[in-house]
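So this one's start_36.txt, compact mmCIF, C-alpha atoms and all ligand atoms:
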# COMPACT_ATOMS: atom_id res chain seq x y z
CA MET A 1 42.27 -27.36 44.99
CA ALA A 2 44.22 -27.52 48.24
CA GLU A 3 45.01 -24.25 49.94
CA LYS A 4 48.73 -23.50 50.02
CA ILE A 5 50.69 -22.59 53.12
CA LEU A 6 54.17 -21.12 52.91
CA ILE A 7 56.32 -21.72 56.00
CA VAL A 8 59.36 -19.46 56.26
CA GLU A 9 61.46 -20.90 59.05
CA ASP A 10 65.17 -21.73 59.29
CA GLU A 11 64.70 -24.32 62.05
CA LYS A 12 64.29 -27.18 59.64
CA GLU A 13 62.95 -29.69 62.11
CA LEU A 14 60.26 -27.36 63.39
CA ALA A 15 59.25 -26.39 59.85
CA GLU A 16 58.96 -30.02 58.82
CA ILE A 17 56.91 -31.06 61.84
CA LEU A 18 54.56 -28.15 61.29
CA GLY A 19 54.39 -29.02 57.60
CA GLU A 20 53.34 -32.57 58.43
CA TYR A 21 50.52 -31.38 60.68
CA LEU A 22 49.26 -29.07 57.94
CA LYS A 23 49.48 -31.75 55.25
CA VAL A 24 47.34 -34.05 57.41
CA GLU A 25 44.69 -31.32 57.30
CA GLY A 26 44.85 -31.35 53.51
CA TYR A 27 46.97 -28.26 52.92
CA GLU A 28 49.76 -28.04 50.40
CA VAL A 29 52.94 -26.95 52.18
CA ILE A 30 55.90 -25.02 50.80
CA LEU A 31 59.02 -24.54 52.93
CA ALA A 32 61.50 -21.66 52.74
CA GLU A 33 64.63 -21.53 54.88
CA ASP A 34 65.37 -17.83 54.79
CA GLY A 35 63.65 -14.52 54.18
CA ARG A 36 64.76 -14.04 50.60
CA GLU A 37 63.70 -17.54 49.62
CA GLY A 38 60.37 -16.84 51.32
CA ILE A 39 59.77 -13.78 49.13
CA ALA A 40 60.80 -15.68 46.00
CA LEU A 41 58.52 -18.63 46.78
CA LEU A 42 55.65 -16.29 47.56
CA SER A 43 55.64 -14.92 44.02
CA ARG A 44 56.16 -18.33 42.51
CA TYR A 45 53.52 -20.34 44.42
CA ARG A 46 51.00 -17.65 45.42
CA PRO A 47 50.20 -19.25 48.81
CA ASP A 48 46.94 -18.58 50.68
CA LEU A 49 48.67 -18.00 54.02
CA VAL A 50 52.22 -17.46 55.31
CA ILE A 51 53.71 -18.69 58.58
CA LEU A 52 56.72 -16.48 59.11
CA ASP A 53 59.46 -16.77 61.72
CA ILE A 54 60.98 -13.51 62.94
CA MET A 55 64.59 -14.64 63.36
CA LEU A 56 65.66 -15.61 59.87
CA PRO A 57 68.92 -15.53 57.93
CA LYS A 58 69.40 -13.08 55.01
CA MET A 59 66.26 -11.07 55.64
CA ASP A 60 64.48 -11.06 58.99
CA GLY A 61 60.81 -11.92 59.36
CA MET A 62 59.67 -8.36 60.02
CA GLU A 63 61.29 -7.14 56.83
CA VAL A 64 59.73 -10.05 54.94
CA CYS A 65 56.35 -9.21 56.49
CA ARG A 66 56.62 -5.56 55.36
CA LYS A 67 57.55 -6.61 51.85
CA ILE A 68 54.67 -9.08 51.61
CA ARG A 69 52.18 -6.53 52.94
CA ALA A 70 53.23 -3.95 50.38
CA SER A 71 51.69 -6.08 47.64
CA HIS A 72 49.65 -8.96 49.09
CA GLU A 73 46.46 -9.36 51.10
CA LEU A 74 47.00 -12.89 52.41
CA PRO A 75 47.04 -13.73 56.16
CA ILE A 76 50.45 -13.73 57.86
CA ILE A 77 51.11 -15.56 61.15
CA MET A 78 54.41 -14.58 62.77
CA LEU A 79 56.44 -16.95 64.96
CA SER A 80 58.72 -15.62 67.65
CA ALA A 81 61.13 -17.12 70.13
CA LYS A 82 60.59 -14.11 72.37
CA SER A 83 57.44 -13.52 74.33
CA GLY A 84 58.08 -9.78 74.43
CA GLU A 85 54.99 -7.64 74.15
CA MET A 86 56.95 -5.18 72.01
CA ASP A 87 57.62 -7.71 69.24
CA LYS A 88 53.96 -8.55 69.14
CA VAL A 89 52.95 -4.91 68.86
CA ILE A 90 55.49 -4.32 66.08
CA CYS A 91 54.45 -7.41 64.14
CA LEU A 92 50.77 -6.53 64.25
CA GLY A 93 51.70 -2.93 63.41
CA ILE A 94 53.48 -3.94 60.19
CA GLY A 95 50.52 -5.96 59.03
CA ALA A 96 50.86 -9.45 60.52
CA ASP A 97 47.48 -11.00 61.35
CA ASP A 98 48.63 -13.12 64.26
CA TYR A 99 51.60 -13.72 66.52
CA VAL A 100 52.57 -17.04 68.12
CA THR A 101 55.31 -17.48 70.70
CA LYS A 102 57.63 -20.51 70.65
CA PRO A 103 57.32 -23.15 71.92
CA PHE A 104 53.77 -23.64 70.69
CA SER A 105 51.49 -26.59 70.14
CA PRO A 106 51.34 -27.49 66.41
CA LEU A 107 47.65 -28.29 66.79
CA GLU A 108 46.95 -24.83 68.12
CA LEU A 109 48.80 -23.27 65.22
CA VAL A 110 46.86 -25.43 62.77
CA ALA A 111 43.62 -24.22 64.39
CA ARG A 112 44.75 -20.61 63.93
CA VAL A 113 45.66 -21.28 60.30
CA LYS A 114 42.17 -22.61 59.69
CA ALA A 115 40.54 -19.64 61.39
CA HIS A 116 42.56 -17.11 59.39
CA LEU A 117 41.86 -18.84 56.10
CA ARG A 118 38.12 -18.93 56.84
CA ARG A 119 38.16 -15.23 57.63
CA ALA A 120 40.18 -14.43 54.50
CA VAL A 121 37.75 -16.30 52.25
CA LYS A 122 34.81 -14.56 53.90
CA SER A 123 36.22 -11.06 53.53
CA THR A 124 37.15 -11.71 49.89
CA LYS A 125 33.56 -12.74 49.21
CA GLU A 126 32.18 -9.69 50.97
CA ALA A 127 34.47 -7.33 49.08
CA GLU A 128 33.48 -9.01 45.85
CA LYS A 129 29.80 -8.48 46.60
CA GLU A 130 30.31 -4.81 47.21
CA ARG A 131 32.20 -4.24 43.98
CA LEU A 132 28.95 -3.86 42.07
CA VAL A 133 26.31 -1.66 43.68
CA LEU A 134 22.91 -1.09 42.08
CA LYS A 135 20.67 1.73 43.36
CA LYS A 136 17.18 1.03 42.12
CA GLU A 137 15.68 4.33 43.29
CA SER A 138 18.04 6.35 41.09
CA TYR A 139 18.71 3.66 38.47
CA THR A 140 22.41 4.09 39.05
CA ALA A 141 25.00 1.34 38.91
CA TYR A 142 28.44 1.60 40.47
CA ALA A 143 31.33 -0.68 39.55
CA ASP A 144 34.22 -0.36 42.00
CA GLY A 145 32.80 3.02 43.01
CA GLN A 146 32.61 4.37 39.46
CA VAL A 147 29.32 4.99 37.70
CA LEU A 148 28.56 2.27 35.18
CA GLU A 149 26.58 3.70 32.26
CA LEU A 150 23.54 1.52 31.64
CA THR A 151 20.31 2.00 29.74
CA THR A 152 17.09 1.56 31.74
CA LYS A 153 16.49 -1.92 30.36
CA GLU A 154 20.10 -2.95 30.93
CA PHE A 155 19.77 -1.77 34.51
CA ASP A 156 16.50 -3.69 34.93
CA MET A 157 18.05 -6.88 33.65
CA LEU A 158 21.18 -6.58 35.75
CA TYR A 159 19.11 -5.70 38.82
CA PHE A 160 16.87 -8.69 38.26
CA LEU A 161 19.76 -11.12 37.82
CA LYS A 162 21.73 -9.72 40.74
CA SER A 163 18.74 -9.87 43.09
CA HIS A 164 18.50 -13.59 42.33
CA GLU A 165 22.16 -14.46 42.60
CA ASN A 166 23.11 -17.94 41.40
CA GLN A 167 19.59 -18.64 40.10
CA VAL A 168 19.35 -19.63 36.44
CA PHE A 169 16.83 -17.91 34.16
CA SER A 170 15.91 -18.86 30.61
CA LYS A 171 15.70 -16.22 27.88
CA GLU A 172 11.92 -16.46 28.09
CA GLN A 173 11.88 -15.86 31.84
CA LEU A 174 14.22 -12.89 31.49
CA TYR A 175 12.15 -11.46 28.68
CA GLU A 176 8.98 -11.70 30.75
CA SER A 177 10.52 -10.22 33.84
CA ILE A 178 11.99 -7.21 32.01
CA TRP A 179 9.54 -6.50 29.20
CA GLY A 180 6.45 -8.22 30.61
CA VAL A 181 4.27 -10.92 29.11
CA ASN A 182 2.08 -8.59 27.10
CA GLU A 183 4.85 -6.83 25.30
CA PHE A 184 5.44 -7.73 21.67
CA GLY A 185 9.04 -8.25 20.93
CA ASP A 186 11.82 -10.55 20.12
CA ILE A 187 13.16 -12.99 22.69
CA SER A 188 16.54 -12.82 20.95
CA SER A 189 16.92 -9.27 22.25
CA VAL A 190 17.65 -10.87 25.65
CA ALA A 191 20.92 -12.23 24.25
CA VAL A 192 21.78 -8.79 22.91
CA TYR A 193 21.22 -7.19 26.31
CA ILE A 194 23.20 -9.91 28.05
CA ARG A 195 26.09 -9.33 25.65
CA ARG A 196 26.09 -5.56 26.25
CA LEU A 197 25.89 -6.00 30.01
CA ARG A 198 28.74 -8.46 29.94
CA GLU A 199 30.91 -6.09 27.92
CA LYS A 200 30.25 -3.27 30.36
CA LEU A 201 30.93 -5.43 33.40
CA ARG A 202 34.03 -6.96 31.90
CA GLY A 203 35.37 -3.45 31.46
CA HIS A 204 35.67 -3.59 35.26
CA SER A 205 36.90 -7.21 35.30
CA MET A 206 33.52 -8.36 36.56
CA ASP A 207 32.73 -11.59 34.78
CA TYR A 208 29.51 -11.99 36.72
CA ILE A 209 26.95 -13.04 34.13
CA LYS A 210 27.39 -16.71 33.39
CA THR A 211 25.87 -18.79 30.63
CA VAL A 212 24.44 -22.10 31.78
CA TRP A 213 24.39 -24.08 28.56
CA GLY A 214 20.96 -25.24 27.54
CA ALA A 215 19.33 -23.48 30.51
CA GLY A 216 19.97 -19.75 30.41
CA TYR A 217 21.89 -17.20 32.42
CA LYS A 218 22.74 -16.47 36.01
CA PHE A 219 24.49 -13.84 38.08
CA PHE A 220 27.37 -15.30 40.03
CA THR A 221 30.32 -13.52 41.61
CA GLU A 222 32.34 -16.21 43.33
CA GLU A 223 35.36 -17.18 41.26
CA SER A 224 35.37 -20.95 41.38
CA CA B 301 64.47 -18.81 63.31
As structure tokens, how would this structure be written, given the file I've shared?
Ligand code: CA
Amino acid sequence: MAEKILIVEDEKELAEILGEYLKVEGYEVILAEDGREGIALLSRYRPDLVILDIMLPKMDGMEVCRKIRASHELPIIMLSAKSGEMDKVICLGIGADDYVTKPFSPLELVARVKAHLRRAVKSTKEAEKERLVLKKESYTAYADGQVLELTTKEFDMLYFLKSHENQVFSKEQLYESIWGVNEFGDISSVAVYIRRLREKLRGHSMDYIKTVWGAGYKFFTEES
């Protein structure tokens, strides 16, 4: 799905030109002509990045930036007609990620958009990875910093799956890796353990154990 860019800019011509450049790069573009519309469209379209002019009718860009930052993590690039160092400092201070002075080259702005989106995706992935921490030496699992109560075997299975992220294992392979080949037991217990682990992880909104139909299970954190 195309990444969405919200442009909040009352200079219609500039907004449209910029929009065209971004569309060529495959982005979906949403235009807002004033600050209040910008806030409204943000909640409605959930864009991946905002390009925000400072001088706007109804609500100025800095106020819009503060409001967005109070509840959203997405990158914000501010546009300013002034090249004053003070504006730049204030914008970055209230949570903008970048600051571009008019007139600017649309291609340069597009390059910055790309760079910020790449960084945002990367940091989301990294944060996601850290949400679940498994300490083998103490057999302790942490979900979002809270201890996740697991039995020894549940821990072993989760540890095994997580150490081989995105690799699919059949029930037989999981059984052998957790209980060993010489152990007598029931392969169907693997499904029971998987179910319990899933329930515990889902309690922390971590839908990390995926079923690969006809093949087995895998640990996968990227929401795609
Ligand atoms: Ca303006």
Discussion item. List as a VMD selection string the protein and nucleic acid residues near Asp87 (chain A), meaning an atom at most 10 Å away when only C-alpha atoms are counted, but skip any in the same chain fewer than 5 places from it.
Written reply: chain A and resid 54 62 78 80 82 92 to 93 99
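You can rank A:Glu3, A:Glu20, A:Asp60, A:Glu165 by their closest distance to ligand CA 301 (chain B) using only C-alpha atoms and all ligand atoms, and at the top of that list sits A:Asp60.
For the atom pair formed by CA of Leu56 (chain A) and CA of Ile39 (chain A), the distance is 12.4 Å, given to one decimal.
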Practice prompt. Using only C-alpha atoms, determine which residues lie at most 12 Å from Val64 (chain A), disregarding the query and same-chain residues fewer than 2 positions distant; provide the list as a PyMOL selection string.
Written response: chain A and resi 8-9+32+34-42+50-62+66-72+76-78+91+94-96
May I have the residues within 9 Å of region 135-145 of chain A as an mmCIF file with C-alpha atoms, in the coordinates of the input, using all atoms listed in the file and disregarding those fewer than 2 positions away in the same chain?
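Output file around_3.cif is given in full below:
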data_model
loop_
_atom_site.group_PDB
_atom_site.id
_atom_site.type_symbol
_atom_site.label_atom_id
_atom_site.label_comp_id
_atom_site.auth_asym_id
_atom_site.auth_seq_id
_atom_site.Cartn_x
_atom_site.Cartn_y
_atom_site.Cartn_z
ATOM 1 C CA GLU A 130 30.310 -4.810 47.210
ATOM 2 C CA ARG A 131 32.200 -4.240 43.980
ATOM 3 C CA LEU A 132 28.950 -3.860 42.070
ATOM 4 C CA VAL A 133 26.310 -1.660 43.680
ATOM 5 C CA VAL A 147 29.320 4.990 37.700
ATOM 6 C CA LEU A 148 28.560 2.270 35.180
ATOM 7 C CA GLU A 149 26.580 3.700 32.260
ATOM 8 C CA LEU A 150 23.540 1.520 31.640
ATOM 9 C CA THR A 152 17.090 1.560 31.740
ATOM 10 C CA PHE A 155 19.770 -1.770 34.510
ATOM 11 C CA ASP A 156 16.500 -3.690 34.930
ATOM 12 C CA TYR A 159 19.110 -5.700 38.820
ATOM 13 C CA LEU A 201 30.930 -5.430 33.400
ATOM 14 C CA HIS A 204 35.670 -3.590 35.260
ATOM 15 C CA MET A 206 33.520 -8.360 36.560
#
Could you pull region 142-189 of chain A out of the block above and give me N, CA and C atoms, as a JSON list (two decimals), in the first residue's frame?
[["chain", "number", "residue", "atom", "x", "y", "z"],
["A", 142, "TYR", "N", 10.16, -10.70, 29.25],
["A", 142, "TYR", "CA", 9.57, -9.39, 29.50],
["A", 142, "TYR", "C", 8.78, -8.96, 28.27],
["A", 143, "ALA", "N", 7.54, -8.56, 28.50],
["A", 143, "ALA", "CA", 6.72, -8.02, 27.42],
["A", 143, "ALA", "C", 6.45, -6.57, 27.75],
["A", 144, "ASP", "N", 6.94, -5.68, 26.91],
["A", 144, "ASP", "CA", 6.84, -4.23, 27.17],
["A", 144, "ASP", "C", 7.33, -3.89, 28.58],
["A", 145, "GLY", "N", 8.40, -4.54, 28.99],
["A", 145, "GLY", "CA", 9.02, -4.24, 30.28],
["A", 145, "GLY", "C", 8.38, -4.95, 31.47],
["A", 146, "GLN", "N", 7.25, -5.64, 31.24],
["A", 146, "GLN", "CA", 6.61, -6.36, 32.35],
["A", 146, "GLN", "C", 6.96, -7.84, 32.25],
["A", 147, "VAL", "N", 7.11, -8.48, 33.40],
["A", 147, "VAL", "CA", 7.42, -9.91, 33.37],
["A", 147, "VAL", "C", 6.24, -10.68, 32.80],
["A", 148, "LEU", "N", 6.57, -11.56, 31.86],
["A", 148, "LEU", "CA", 5.55, -12.42, 31.25],
["A", 148, "LEU", "C", 5.72, -13.80, 31.89],
["A", 149, "GLU", "N", 4.68, -14.26, 32.59],
["A", 149, "GLU", "CA", 4.77, -15.54, 33.29],
["A", 149, "GLU", "C", 4.72, -16.70, 32.31],
["A", 150, "LEU", "N", 5.81, -17.45, 32.25],
["A", 150, "LEU", "CA", 5.87, -18.60, 31.34],
["A", 150, "LEU", "C", 6.39, -19.81, 32.10],
["A", 151, "THR", "N", 5.91, -21.00, 31.71],
["A", 151, "THR", "CA", 6.51, -22.21, 32.27],
["A", 151, "THR", "C", 7.85, -22.41, 31.55],
["A", 152, "THR", "N", 8.67, -23.32, 32.07],
["A", 152, "THR", "CA", 9.98, -23.56, 31.47],
["A", 152, "THR", "C", 9.86, -23.98, 30.01],
["A", 153, "LYS", "N", 8.94, -24.89, 29.75],
["A", 153, "LYS", "CA", 8.77, -25.38, 28.37],
["A", 153, "LYS", "C", 8.22, -24.28, 27.45],
["A", 154, "GLU", "N", 7.32, -23.47, 27.99],
["A", 154, "GLU", "CA", 6.80, -22.36, 27.18],
["A", 154, "GLU", "C", 7.94, -21.41, 26.83],
["A", 155, "PHE", "N", 8.78, -21.15, 27.83],
["A", 155, "PHE", "CA", 9.92, -20.27, 27.59],
["A", 155, "PHE", "C", 10.82, -20.87, 26.52],
["A", 156, "ASP", "N", 11.13, -22.17, 26.67],
["A", 156, "ASP", "CA", 12.00, -22.83, 25.69],
["A", 156, "ASP", "C", 11.45, -22.70, 24.28],
["A", 157, "MET", "N", 10.15, -22.92, 24.15],
["A", 157, "MET", "CA", 9.57, -22.87, 22.81],
["A", 157, "MET", "C", 9.60, -21.45, 22.24],
["A", 158, "LEU", "N", 9.25, -20.48, 23.07],
["A", 158, "LEU", "CA", 9.26, -19.10, 22.61],
["A", 158, "LEU", "C", 10.68, -18.66, 22.25],
["A", 159, "TYR", "N", 11.63, -19.08, 23.10],
["A", 159, "TYR", "CA", 13.03, -18.72, 22.86],
["A", 159, "TYR", "C", 13.52, -19.31, 21.54],
["A", 160, "PHE", "N", 13.14, -20.56, 21.34],
["A", 160, "PHE", "CA", 13.55, -21.24, 20.11],
["A", 160, "PHE", "C", 12.98, -20.54, 18.87],
["A", 161, "LEU", "N", 11.68, -20.25, 18.92],
["A", 161, "LEU", "CA", 11.05, -19.60, 17.77],
["A", 161, "LEU", "C", 11.61, -18.20, 17.53],
["A", 162, "LYS", "N", 11.80, -17.47, 18.63],
["A", 162, "LYS", "CA", 12.26, -16.09, 18.49],
["A", 162, "LYS", "C", 13.71, -16.02, 17.99],
["A", 163, "SER", "N", 14.52, -17.02, 18.38],
["A", 163, "SER", "CA", 15.91, -17.01, 17.90],
["A", 163, "SER", "C", 16.01, -17.36, 16.42],
["A", 164, "HIS", "N", 14.91, -17.87, 15.87],
["A", 164, "HIS", "CA", 14.91, -18.19, 14.43],
["A", 164, "HIS", "C", 13.78, -17.42, 13.76],
["A", 165, "GLU", "N", 13.79, -16.11, 13.97],
["A", 165, "GLU", "CA", 12.69, -15.30, 13.47],
["A", 165, "GLU", "C", 12.43, -15.53, 11.98],
["A", 166, "ASN", "N", 11.14, -15.65, 11.67],
["A", 166, "ASN", "CA", 10.66, -15.79, 10.29],
["A", 166, "ASN", "C", 10.99, -17.14, 9.66],
["A", 167, "GLN", "N", 11.47, -18.09, 10.47],
["A", 167, "GLN", "CA", 11.76, -19.43, 9.94],
["A", 167, "GLN", "C", 10.60, -20.34, 10.37],
["A", 168, "VAL", "N", 10.11, -21.13, 9.44],
["A", 168, "VAL", "CA", 8.95, -21.98, 9.74],
["A", 168, "VAL", "C", 9.40, -23.34, 10.28],
["A", 169, "PHE", "N", 8.75, -23.77, 11.37],
["A", 169, "PHE", "CA", 9.04, -25.09, 11.94],
["A", 169, "PHE", "C", 7.77, -25.91, 12.01],
["A", 170, "SER", "N", 7.90, -27.21, 11.65],
["A", 170, "SER", "CA", 6.75, -28.10, 11.76],
["A", 170, "SER", "C", 6.58, -28.49, 13.22],
["A", 171, "LYS", "N", 5.44, -29.08, 13.55],
["A", 171, "LYS", "CA", 5.20, -29.55, 14.92],
["A", 171, "LYS", "C", 6.29, -30.54, 15.34],
["A", 172, "GLU", "N", 6.66, -31.41, 14.40],
["A", 172, "GLU", "CA", 7.68, -32.41, 14.70],
["A", 172, "GLU", "C", 9.02, -31.74, 15.06],
["A", 173, "GLN", "N", 9.40, -30.77, 14.25],
["A", 173, "GLN", "CA", 10.67, -30.07, 14.51],
["A", 173, "GLN", "C", 10.63, -29.36, 15.86],
["A", 174, "LEU", "N", 9.50, -28.74, 16.17],
["A", 174, "LEU", "CA", 9.39, -28.03, 17.45],
["A", 174, "LEU", "C", 9.44, -29.02, 18.60],
["A", 175, "TYR", "N", 8.76, -30.14, 18.41],
["A", 175, "TYR", "CA", 8.75, -31.15, 19.47],
["A", 175, "TYR", "C", 10.17, -31.62, 19.76],
["A", 176, "GLU", "N", 10.91, -31.92, 18.69],
["A", 176, "GLU", "CA", 12.28, -32.41, 18.86],
["A", 176, "GLU", "C", 13.19, -31.37, 19.50],
["A", 177, "SER", "N", 13.00, -30.13, 19.11],
["A", 177, "SER", "CA", 13.91, -29.10, 19.64],
["A", 177, "SER", "C", 13.62, -28.78, 21.10],
["A", 178, "ILE", "N", 12.38, -28.97, 21.54],
["A", 178, "ILE", "CA", 12.04, -28.64, 22.94],
["A", 178, "ILE", "C", 12.13, -29.87, 23.85],
["A", 179, "TRP", "N", 11.56, -30.98, 23.38],
["A", 179, "TRP", "CA", 11.53, -32.16, 24.26],
["A", 179, "TRP", "C", 12.64, -33.17, 23.92],
["A", 180, "GLY", "N", 13.22, -33.04, 22.74],
["A", 180, "GLY", "CA", 14.29, -33.96, 22.34],
["A", 180, "GLY", "C", 13.73, -35.20, 21.66],
["A", 181, "VAL", "N", 14.56, -35.83, 20.85],
["A", 181, "VAL", "CA", 14.09, -36.96, 20.04],
["A", 181, "VAL", "C", 13.77, -38.19, 20.87],
["A", 182, "ASN", "N", 14.43, -38.32, 22.02],
["A", 182, "ASN", "CA", 14.27, -39.56, 22.78],
["A", 182, "ASN", "C", 13.10, -39.53, 23.75],
["A", 183, "GLU", "N", 12.52, -38.39, 23.87],
["A", 183, "GLU", "CA", 11.43, -38.25, 24.83],
["A", 183, "GLU", "C", 10.14, -38.86, 24.28],
["A", 184, "PHE", "N", 9.44, -39.61, 25.12],
["A", 184, "PHE", "CA", 8.14, -40.12, 24.70],
["A", 184, "PHE", "C", 7.12, -39.04, 24.96],
["A", 185, "GLY", "N", 6.26, -38.86, 24.04],
["A", 185, "GLY", "CA", 5.25, -37.84, 24.28],
["A", 185, "GLY", "C", 4.34, -37.70, 23.09],
["A", 186, "ASP", "N", 3.57, -36.69, 23.15],
["A", 186, "ASP", "CA", 2.54, -36.49, 22.15],
["A", 186, "ASP", "C", 2.85, -35.22, 21.36],
["A", 187, "ILE", "N", 3.00, -35.37, 20.07],
["A", 187, "ILE", "CA", 3.30, -34.23, 19.21],
["A", 187, "ILE", "C", 2.20, -33.16, 19.31],
["A", 188, "SER", "N", 0.97, -33.60, 19.61],
["A", 188, "SER", "CA", -0.12, -32.63, 19.67],
["A", 188, "SER", "C", 0.07, -31.64, 20.83],
["A", 189, "SER", "N", 0.95, -31.98, 21.78],
["A", 189, "SER", "CA", 1.18, -31.03, 22.87],
["A", 189, "SER", "C", 1.82, -29.75, 22.34]]
